[in-house]
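**Student:** Provided herewith: upload-v2.txt, compact mmCIF, C-alpha atoms.
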# COMPACT_ATOMS: atom_id res chain seq x y z
CA MET A 1 176.03 127.31 120.09
CA PRO A 2 176.81 126.79 116.38
CA VAL A 3 173.92 127.18 113.94
CA SER A 4 174.95 123.94 112.20
CA LEU A 5 174.34 122.07 115.48
CA LEU A 6 170.90 123.64 115.84
CA ILE A 7 170.04 122.68 112.25
CA ALA A 8 171.23 119.13 112.87
CA GLY A 9 169.12 119.00 116.04
CA PHE A 10 166.06 120.25 114.16
CA LEU A 11 166.55 117.59 111.47
CA PHE A 12 166.93 114.86 114.09
CA GLY A 13 163.76 116.23 115.70
CA ILE A 14 161.87 115.81 112.41
CA GLY A 15 163.02 112.20 112.32
CA PHE A 16 161.92 111.63 115.94
CA GLY A 17 158.54 113.21 115.23
CA TYR A 18 157.96 111.10 112.13
CA PHE A 19 158.74 107.83 113.97
CA VAL A 20 156.71 108.81 117.04
CA GLN A 21 153.68 109.73 114.91
CA ARG A 22 153.78 106.55 112.85
CA ALA A 23 154.20 104.46 116.03
CA GLY A 24 151.44 106.32 117.90
CA LEU A 25 153.78 106.46 120.88
CA CYS A 26 152.50 108.15 124.06
CA PHE A 27 153.43 107.09 127.57
CA ALA A 28 150.34 108.80 129.04
CA HIS A 29 148.07 106.55 126.99
CA GLY A 30 150.40 103.70 127.91
CA LEU A 31 149.98 104.32 131.65
CA GLY A 32 146.21 104.45 131.19
CA GLU A 33 146.30 101.18 129.26
CA ILE A 34 148.34 99.54 132.03
CA PHE A 35 145.82 100.66 134.67
CA THR A 36 142.96 99.22 132.61
CA GLY A 37 144.84 95.92 132.21
CA ARG A 38 145.60 96.39 128.50
CA GLY A 39 149.21 97.49 128.80
CA GLN A 40 150.88 94.98 126.48
CA ARG A 41 151.17 97.42 123.53
CA ILE A 42 153.10 100.08 125.48
CA ILE A 43 155.22 97.45 127.26
CA ARG A 44 156.28 96.03 123.86
CA MET A 45 157.16 99.56 122.67
CA PHE A 46 159.07 100.35 125.84
CA LEU A 47 161.01 97.07 125.63
CA VAL A 48 162.08 97.83 122.04
CA ILE A 49 163.26 101.31 123.09
CA PHE A 50 165.04 99.89 126.14
CA ILE A 51 166.84 97.10 124.26
CA ILE A 52 168.13 99.35 121.45
CA SER A 53 168.96 102.34 123.65
CA SER A 54 170.65 100.46 126.50
CA ILE A 55 172.88 98.49 124.12
CA GLY A 56 173.50 101.59 121.96
CA PHE A 57 174.41 103.85 124.88
CA MET A 58 176.66 101.17 126.36
CA VAL A 59 178.48 100.58 123.06
CA SER A 60 178.87 104.35 122.54
CA GLY A 61 181.30 104.38 125.48
CA TYR A 62 183.60 102.00 123.60
CA VAL A 63 183.35 104.04 120.38
CA ASN A 64 184.09 107.30 122.19
CA PRO A 65 185.18 107.36 125.86
CA GLU A 66 183.44 110.76 126.31
CA LEU A 67 180.10 109.07 125.68
CA GLY A 68 178.75 105.93 127.37
CA LEU A 69 176.37 105.85 130.33
CA LYS A 70 175.61 109.16 132.04
CA ALA A 71 173.31 110.08 134.90
CA ILE A 72 170.18 111.72 133.53
CA GLY A 73 168.74 114.67 135.37
CA GLU A 74 169.54 115.13 139.04
CA LEU A 75 168.83 113.10 142.15
CA ARG A 76 167.34 115.74 144.46
CA GLY A 77 166.74 115.43 148.19
CA TYR A 78 167.96 111.79 148.18
CA GLY A 79 165.29 111.00 145.61
CA PHE A 80 162.32 112.57 147.43
CA TRP A 81 161.89 115.34 144.86
CA ASN A 82 162.26 112.87 141.98
CA LEU A 83 159.40 110.81 143.40
CA MET A 84 157.33 113.96 143.96
CA SER A 85 158.00 115.36 140.50
CA GLY A 86 157.25 111.97 138.95
CA ALA A 87 153.96 111.76 140.87
CA ILE A 88 152.89 115.28 139.84
CA PHE A 89 153.93 114.65 136.23
CA GLY A 90 152.13 111.28 136.23
CA ALA A 91 148.94 112.92 137.52
CA GLY A 92 149.23 115.66 134.88
CA ILE A 93 149.69 113.34 131.91
CA LEU A 94 146.82 111.09 133.02
CA LEU A 95 144.59 114.16 133.39
CA ASN A 96 145.13 115.49 129.89
CA GLY A 97 146.12 112.32 128.05
CA GLY A 98 149.52 113.28 126.68
CA CYS A 99 153.13 112.82 127.81
CA ILE A 100 155.79 115.12 126.34
CA LEU A 101 156.20 113.08 123.15
CA GLY A 102 152.44 112.55 122.97
CA THR A 103 151.77 116.28 123.34
CA LEU A 104 154.21 117.20 120.55
CA ARG A 105 152.80 114.41 118.35
CA GLN A 106 149.21 115.55 118.85
CA ILE A 107 150.11 119.14 117.95
CA GLY A 108 151.72 117.85 114.75
CA GLU A 109 148.55 115.85 114.02
CA GLY A 110 146.49 119.03 114.24
CA ASN A 111 144.95 118.64 117.72
CA MET A 112 145.08 122.22 119.01
CA LEU A 113 144.03 121.24 122.54
CA PHE A 114 147.62 120.12 122.98
CA SER A 115 148.91 123.57 121.98
CA VAL A 116 146.91 124.89 124.94
CA ILE A 117 148.39 122.13 127.13
CA LEU A 118 151.93 122.98 125.96
CA LEU A 119 151.42 126.66 126.81
CA SER A 120 150.00 125.61 130.20
CA PHE A 121 153.42 124.21 131.08
CA ILE A 122 154.58 127.84 131.44
CA PRO A 123 152.81 128.77 134.73
CA GLY A 124 153.81 125.42 136.28
CA MET A 125 157.44 125.79 135.26
CA ALA A 126 157.52 129.46 136.33
CA LEU A 127 156.09 128.51 139.75
CA VAL A 128 158.95 126.09 140.36
CA VAL A 129 161.75 128.17 138.80
CA TYR A 130 160.88 131.49 140.43
CA VAL A 131 159.06 130.51 143.65
CA LEU A 132 159.76 126.92 144.79
CA ASP A 133 163.37 126.50 143.60
CA PRO A 134 164.74 129.46 145.62
CA LEU A 135 162.92 128.16 148.71
CA LEU A 136 163.82 124.49 148.35
CA LYS A 137 167.32 124.71 146.84
CA LYS A 138 169.14 124.13 150.14
CA GLY A 139 167.36 120.83 150.66
CA TYR A 140 168.03 119.48 147.18
CA ASN A 141 171.45 117.85 147.97
CA VAL A 142 171.98 117.18 144.27
CA HIS A 143 173.57 113.85 143.30
CA ASN A 144 174.08 112.14 139.97
CA ILE A 145 174.03 108.39 140.54
CA LEU A 146 173.92 105.45 138.13
CA LEU A 147 172.79 101.96 139.06
CA VAL A 148 176.37 100.78 138.56
CA ASP A 149 177.47 103.13 141.37
CA LEU A 150 175.25 101.25 143.82
CA ILE A 151 175.76 97.65 142.68
CA PRO A 152 179.31 96.22 142.59
CA VAL A 153 178.80 94.72 139.14
CA ALA A 154 180.31 96.03 135.88
CA ALA A 155 177.97 98.19 133.76
CA PRO A 156 178.15 95.92 130.65
CA VAL A 157 177.04 92.95 132.80
CA ILE A 158 174.02 94.86 134.18
CA THR A 159 173.08 96.18 130.73
CA GLY A 160 173.61 92.75 129.19
CA VAL A 161 171.42 90.95 131.73
CA LEU A 162 168.65 93.57 131.50
CA ALA A 163 168.79 93.58 127.68
CA VAL A 164 168.61 89.76 127.45
CA ALA A 165 165.72 89.67 129.95
CA SER A 166 163.94 92.38 127.92
CA ILE A 167 164.45 90.45 124.67
CA ILE A 168 162.97 87.28 126.22
CA TRP A 169 160.00 89.26 127.60
CA LEU A 170 159.47 90.92 124.20
CA ILE A 171 159.53 87.56 122.39
CA ILE A 172 156.91 86.20 124.81
CA LEU A 173 154.65 89.27 124.37
CA VAL A 174 154.95 89.25 120.56
CA GLY A 175 154.23 85.50 120.57
CA GLN A 176 151.10 86.06 122.68
CA GLN A 177 149.95 88.83 120.35
CA ASN A 178 150.50 86.67 117.25
CA GLY A 179 148.52 83.87 118.94
CA ARG A 180 145.63 86.25 119.62
CA ASN A 181 145.72 87.57 116.03
CA LYS A 182 145.58 84.01 114.64
CA ARG A 183 142.62 83.13 116.87
CA ASN A 184 140.77 86.29 115.80
CA ASN A 185 141.37 85.53 112.11
CA MET B 1 156.70 94.32 102.90
CA LYS B 2 155.60 97.96 103.12
CA LYS B 3 152.98 96.99 105.74
CA LEU B 4 155.68 95.22 107.76
CA LEU B 5 158.00 98.23 107.63
CA TYR B 6 155.32 100.56 108.96
CA ARG B 7 154.47 98.41 111.97
CA PRO B 8 154.49 100.50 115.19
CA LEU B 9 157.29 98.43 116.74
CA ILE B 10 159.52 99.07 113.71
CA MET B 11 158.75 102.79 113.99
CA VAL B 12 159.59 102.75 117.72
CA ALA B 13 162.85 100.96 116.88
CA GLY B 14 163.55 103.75 114.36
CA PHE B 15 163.04 106.35 117.10
CA ALA B 16 165.43 104.57 119.49
CA LEU B 17 168.04 103.98 116.77
CA LEU B 18 167.91 107.64 115.73
CA ASN B 19 168.47 108.63 119.37
CA VAL B 20 171.58 106.44 119.58
CA ILE B 21 172.84 107.80 116.22
CA MET B 22 172.31 111.37 117.48
CA TYR B 23 174.30 110.56 120.62
CA LEU B 24 177.12 109.01 118.60
CA THR B 25 177.30 111.79 115.99
CA ILE B 26 176.62 115.08 117.79
CA HIS B 27 176.95 113.79 121.39
CA LYS B 28 173.45 114.83 122.40
CA PHE B 29 170.23 112.93 122.97
CA TRP B 30 166.54 113.74 122.96
CA ILE B 31 165.38 115.62 126.07
CA GLY B 32 161.71 115.97 127.01
CA GLY B 33 160.38 118.28 129.70
CA SER B 34 163.44 120.38 130.50
CA SER B 35 163.59 121.46 126.86
CA PHE B 36 160.65 123.81 127.50
CA LEU B 37 162.45 125.76 130.23
CA PRO B 38 163.55 128.43 127.69
CA MET B 39 159.85 129.42 127.65
CA VAL B 40 160.35 130.74 131.22
CA GLY B 41 163.78 132.23 130.56
CA LYS B 42 166.00 129.33 131.71
CA LEU B 43 168.46 128.44 128.97
CA GLY B 44 170.66 126.00 130.90
CA PRO B 45 174.48 125.86 130.99
CA GLY B 46 175.93 126.83 127.60
CA ASN B 47 172.38 127.47 126.30
CA LYS B 48 172.00 123.71 125.93
CA LEU B 49 168.23 123.85 126.54
CA ILE B 50 167.85 125.98 123.40
CA PHE B 51 169.16 123.00 121.43
CA ALA B 52 166.68 120.66 123.15
CA PHE B 53 163.85 123.11 122.45
CA ILE B 54 164.78 123.27 118.74
CA VAL B 55 164.85 119.44 118.58
CA ASN B 56 161.31 119.34 119.98
CA MET B 57 160.09 121.93 117.50
CA GLY B 58 161.43 119.49 114.91
CA VAL B 59 159.39 116.72 116.56
CA ILE B 60 156.20 118.73 115.88
CA VAL B 61 157.22 119.21 112.23
CA GLY B 62 158.12 115.53 111.88
CA SER B 63 154.84 114.48 113.42
CA PHE B 64 153.00 116.79 111.00
CA VAL B 65 154.89 115.18 108.08
CA GLY B 66 153.99 111.70 109.33
CA ALA B 67 150.34 112.59 109.87
CA PHE B 68 149.99 114.48 106.59
CA THR B 69 151.62 111.81 104.42
CA SER B 70 149.52 109.05 106.01
CA GLY B 71 146.25 110.99 105.79
CA GLU B 72 145.93 111.17 109.59
CA PHE B 73 146.27 114.95 109.86
CA ARG B 74 143.05 116.55 111.05
CA PHE B 75 142.90 120.12 112.31
CA ARG B 76 140.84 120.07 115.51
CA LEU B 77 139.99 123.03 117.73
CA PRO B 78 139.65 122.17 121.44
CA ARG B 79 136.19 121.66 122.90
CA THR B 80 135.41 124.19 125.62
CA GLU B 81 134.83 121.53 128.28
CA SER B 82 138.24 119.94 127.73
CA ILE B 83 140.23 123.20 127.94
CA ALA B 84 140.08 123.55 131.76
CA ARG B 85 141.16 119.94 132.23
CA GLY B 86 143.98 120.44 129.70
CA ILE B 87 145.22 123.61 131.40
CA LEU B 88 145.22 121.96 134.84
CA GLY B 89 147.06 118.93 133.45
CA GLY B 90 149.54 121.21 131.66
CA ILE B 91 150.29 123.14 134.86
CA LEU B 92 150.88 119.86 136.75
CA ILE B 93 153.21 118.69 133.95
CA GLY B 94 155.03 122.04 134.08
CA ILE B 95 155.61 121.62 137.84
CA GLY B 96 156.63 117.97 137.47
CA ILE B 97 159.19 118.50 134.73
CA THR B 98 160.85 121.36 136.60
CA LEU B 99 160.86 120.07 140.18
CA ALA B 100 163.47 117.44 139.31
CA PRO B 101 165.16 117.45 135.88
CA GLY B 102 165.05 114.18 133.94
CA THR B 103 161.53 113.26 135.07
CA CYS B 104 158.88 112.80 132.38
CA THR B 105 159.24 110.90 129.13
CA THR B 106 163.02 111.32 129.23
CA ALA B 107 163.12 108.84 132.13
CA PHE B 108 161.57 106.10 129.94
CA VAL B 109 163.44 106.89 126.74
CA ILE B 110 166.90 107.88 128.05
CA GLY B 111 167.13 107.57 131.83
CA LEU B 112 166.34 103.87 132.26
CA PRO B 113 168.59 102.72 129.37
CA MET B 114 171.36 104.84 130.95
CA LEU B 115 170.67 103.03 134.27
CA SER B 116 170.07 106.37 135.99
CA ILE B 117 168.74 106.12 139.55
CA SER B 118 166.86 109.44 139.35
CA SER B 119 164.87 108.04 136.40
CA VAL B 120 163.95 104.86 138.28
CA LEU B 121 162.53 106.99 141.12
CA SER B 122 160.77 109.34 138.70
CA ILE B 123 159.06 106.42 136.97
CA ALA B 124 157.98 104.98 140.33
CA GLY B 125 156.50 108.39 141.15
CA MET B 126 154.79 108.56 137.76
CA PHE B 127 153.03 105.24 138.32
CA ALA B 128 151.91 106.39 141.79
CA GLY B 129 150.70 109.83 140.63
CA GLY B 130 149.14 108.39 137.49
CA PHE B 131 147.28 105.74 139.47
CA ILE B 132 145.95 108.30 141.96
CA MET B 133 144.69 110.51 139.11
CA TYR B 134 143.29 107.47 137.29
CA SER B 135 141.40 106.41 140.42
CA MET B 136 140.06 109.94 140.95
CA THR B 137 138.95 110.55 137.37
CA MET B 138 138.13 107.12 135.99
CA GLY B 139 137.78 104.86 139.00
CA LYS B 140 133.99 104.86 138.84
CA CYS B 141 133.74 104.58 135.05
CA SER B 142 132.63 101.33 133.43
CA VAL B 143 135.20 99.29 131.51
CA LYS B 144 133.62 100.46 128.23
CA GLN B 145 133.85 104.13 129.26
CA LYS B 146 137.50 103.68 130.33
CA LYS B 147 138.36 102.19 126.94
CA GLU B 148 136.68 105.12 125.20
CA ILE B 149 138.58 107.68 127.31
CA ILE B 150 141.98 106.00 126.99
Can the structure from this file be put into structure tokens for me?

**Tutor:**
Amino acid sequence: MPVSLLIAGFLFGIGFGYFVQRAGLCFAHGLGEIFTGRGQRIIRMFLVIFIISSIGFMVSGYVNPELGLKAIGELRGYGFWNLMSGAIFGAGILLNGGCILGTLRQIGEGNMLFSVILLSFIPGMALVVYVLDPLLKKGYNVHNILLVDLIPVAAPVITGVLAVASIIWLIILVGQQNGRNKRNN
Amino acid sequence: MKKLLYRPLIMVAGFALLNVIMYLTIHKFWIGGSSFLPMVGKLGPGNKLIFAFIVNMGVIVGSFVGAFTSGEFRFRLPRTESIARGILGGILIGIGITLAPGTCTTAFVIGLPMLSISSVLSIAGMFAGGFIMYSMTMGKCSVKQKKEII
């Protein structure tokens, strides 16, 4: 891998870190807020990410045919292992209060507990890579499926509908927040 | 104007835009959990996880820059009582991010906008697992205590 690519990646990472820190973005806190009925902040953030990213990734396919929508990760065991891994991950982030971005952000902010948490990933990852993976591999039946592979509707239509719905939802949430701010002032 | 520019939603928009720019320019996007697999010797096809790991080291530096320039940086050593909880949570995260690639934060930031089915399932799992843990650890707390914890 060329060094120039690694340097570019590091610089992009600095940009990501700066934005994440200034936004206070953390999906673990967001999940907690949703469970306590105060989830509007994280929903607004997620909607902004979804609107920009979905439109951006869709348009990228027209700019360069090699880009566009791609399946992320792997569908394992017809989705069973994705549900399981999501559940275990969800329990983990709620327990220590930091998703991946949140953990990296907190380390950057000087909270050394999250350095311990980051290092604690190692035994968990090693358990799966060296013990569970060899045992479970045959049952994984790996697939890479996009929503557009299941629904007979063109990808731009699906993205367009979801993006428009997200924009409307975002406008409503921002309007509600502005209303609350005015009442409080 | 400056206050408006630094609003969290504008910052989140900056994060998402930067991700799209990265995809358009160097054909890669931000990856969360799998990027730490090099710590257990898994480098991925074509060493691509090394790149993701380097990006996330940049995230720490960028976060430090953001915290330092805004006066929010505060060096804090962990309290003894929170270390065990942190380690257990970290191990669970380590298992979760490895059991099916593309789980974790990547599902919210990349997977759903890409309309990836594996991410939809991962997020459903996250809500279920998160709710079970929430019920176990905070279910009996008062609303005030919950707000303090979260």

**Student:** Please determine the residues with any atom at most 10 Å from (164.1, 118.2, 130.2) (coordinates as given in the file, with all atoms listed in the file counting) and report them as a short mmCIF file (atom, residue, chain, number, x, y, z; two decimals) with C-alpha atoms, in the frame of the given file.

**Tutor:**
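Saved to part.cif:
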data_model
loop_
_atom_site.label_atom_id
_atom_site.label_comp_id
_atom_site.auth_asym_id
_atom_site.auth_seq_id
_atom_site.Cartn_x
_atom_site.Cartn_y
_atom_site.Cartn_z
CA ILE A 72 170.18 111.72 133.53
CA GLY A 73 168.74 114.67 135.37
CA ILE A 100 155.79 115.12 126.34
CA TRP B 30 166.54 113.74 122.96
CA ILE B 31 165.38 115.62 126.07
CA GLY B 32 161.71 115.97 127.01
CA GLY B 33 160.38 118.28 129.70
CA SER B 34 163.44 120.38 130.50
CA SER B 35 163.59 121.46 126.86
CA PHE B 36 160.65 123.81 127.50
CA LEU B 37 162.45 125.76 130.23
CA LEU B 49 168.23 123.85 126.54
CA ALA B 52 166.68 120.66 123.15
CA PHE B 53 163.85 123.11 122.45
CA ILE B 97 159.19 118.50 134.73
CA THR B 98 160.85 121.36 136.60
CA ALA B 100 163.47 117.44 139.31
CA PRO B 101 165.16 117.45 135.88
CA GLY B 102 165.05 114.18 133.94
CA THR B 103 161.53 113.26 135.07
CA CYS B 104 158.88 112.80 132.38
CA THR B 105 159.24 110.90 129.13
CA THR B 106 163.02 111.32 129.23
CA ALA B 107 163.12 108.84 132.13
#

**Student:** Quick one: which segment 14-93 of chain A residues come within 9 Å of segment 169-184 of chain A, and what is the nearest atom pair for each with the distance in Å to one decimal, counting all atoms listed in the file, rows ordered by chain and ascending number, as JSON lines?

**Tutor:**
{"residue": "A:Gln40", "atom": "CA", "partner": "A:Leu173", "partner_atom": "CA", "distance": 7.2}
{"residue": "A:Arg41", "atom": "CA", "partner": "A:Leu173", "partner_atom": "CA", "distance": 8.9}
{"residue": "A:Ile43", "atom": "CA", "partner": "A:Leu170", "partner_atom": "CA", "distance": 8.4}
{"residue": "A:Arg44", "atom": "CA", "partner": "A:Leu170", "partner_atom": "CA", "distance": 6.0}
{"residue": "A:Leu47", "atom": "CA", "partner": "A:Leu170", "partner_atom": "CA", "distance": 6.5}
{"residue": "A:Val48", "atom": "CA", "partner": "A:Leu170", "partner_atom": "CA", "distance": 7.7}

**Student:** Please provide as a list of chain:residue names all residues within 10 Å of Phe80 of chain A, with the sequence filter that same-chain residues fewer than 4 positions apart are discarded (counting all atoms listed in the file).

**Tutor:** A:Leu75, A:Arg76, A:Met84, A:Ser85, A:Gly86, A:Tyr140, B:Ala100, B:Ser118, B:Leu121, B:Ser122, B:Gly125

**Student:** Generate the output file for the selected residues, C-alpha atoms, as a PDB file, keeping the file's coordinate frame.

**Tutor:**
ATOM      1  CA  LEU A  75     168.830 113.100 142.150  1.00  0.00           C
ATOM      2  CA  ARG A  76     167.340 115.740 144.460  1.00  0.00           C
ATOM      3  CA  MET A  84     157.330 113.960 143.960  1.00  0.00           C
ATOM      4  CA  SER A  85     158.000 115.360 140.500  1.00  0.00           C
ATOM      5  CA  GLY A  86     157.250 111.970 138.950  1.00  0.00           C
ATOM      6  CA  TYR A 140     168.030 119.480 147.180  1.00  0.00           C
TER       7      TYR A 140
ATOM      8  CA  ALA B 100     163.470 117.440 139.310  1.00  0.00           C
ATOM      9  CA  SER B 118     166.860 109.440 139.350  1.00  0.00           C
ATOM     10  CA  LEU B 121     162.530 106.990 141.120  1.00  0.00           C
ATOM     11  CA  SER B 122     160.770 109.340 138.700  1.00  0.00           C
ATOM     12  CA  GLY B 125     156.500 108.390 141.150  1.00  0.00           C
TER      13      GLY B 125
END

**Student:** Is there a way to get, as a list in words, all residues within 10 Å of the point (139.8, 115.7, 118.4) in file coordinates, counting all atoms listed in the file?

**Tutor:** Gln106, Glu109, Gly110, Asn111, Met112 and Leu113 of chain A; Arg74, Phe75, Arg76, Leu77, Pro78 and Arg79 of chain B

**Student:** Take the residues just selected and output them with C-alpha atoms as a compact mmCIF listing (two decimals), in the coordinates of the input.

**Tutor:**
# COMPACT_ATOMS: atom_id res chain seq x y z
CA GLN A 106 149.21 115.55 118.85
CA GLU A 109 148.55 115.85 114.02
CA GLY A 110 146.49 119.03 114.24
CA ASN A 111 144.95 118.64 117.72
CA MET A 112 145.08 122.22 119.01
CA LEU A 113 144.03 121.24 122.54
CA ARG B 74 143.05 116.55 111.05
CA PHE B 75 142.90 120.12 112.31
CA ARG B 76 140.84 120.07 115.51
CA LEU B 77 139.99 123.03 117.73
CA PRO B 78 139.65 122.17 121.44
CA ARG B 79 136.19 121.66 122.90

**Student:** Measuring atom to atom with only C-alpha atoms, identify which of B:Pro38, B:Ile21, B:Glu81, B:Gly86 is nearest to chain A.

**Tutor:**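 Nearest candidate to chain A out of B:Pro38, B:Ile21, B:Glu81, B:Gly86: B:Gly86.
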
**Student:** For a quick check of understanding, using all atoms listed in the file, which of B:Phe15, B:Phe131, B:Phe68, B:Tyr23 has the smallest distance to Met45 of chain A?

**Tutor:**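 Among B:Phe15, B:Phe131, B:Phe68, B:Tyr23, it is B:Phe15 that comes nearest to Met45 of chain A.
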
**Student:** Skipping near chain neighbours, those fewer than 2 positions away, what residues fall within 9 Å of Gly98 of chain A using all atoms listed in the file, listed as a list in words?

**Tutor:**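 Once the nearby chain positions are removed, what remains is Cys26, Phe27, Ala28, His29, Gly92, Ile93, Leu94, Leu95, Asn96, Ile100, Leu101, Gly102, Thr103, Leu104, Gln106, Phe114 and Ile117 of chain A.
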
**Student:** For Asp149 of chain A, which residue among A:Ala126, A:Val63, A:Leu25, A:Leu69 is the nearest when counting only C-alpha atoms?

**Tutor:**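 Residue with the minimum atom-to-atom distance to Asp149 of chain A: A:Leu69.
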
**Student:** Quick one: distance from atom CA of Tyr134 of chain B to atom CA of Gly32 of chain A in Å, one decimal?

**Tutor:**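 Separation of atom CA of Tyr134 of chain B and atom CA of Gly32 of chain A: 7.4 Å.
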
**Student:** For the atom pair atom CA of Ala155 of chain A and atom CA of Val120 of chain B, what is the interatomic distance in Å to one decimal place?

**Tutor:** 16.2 Å
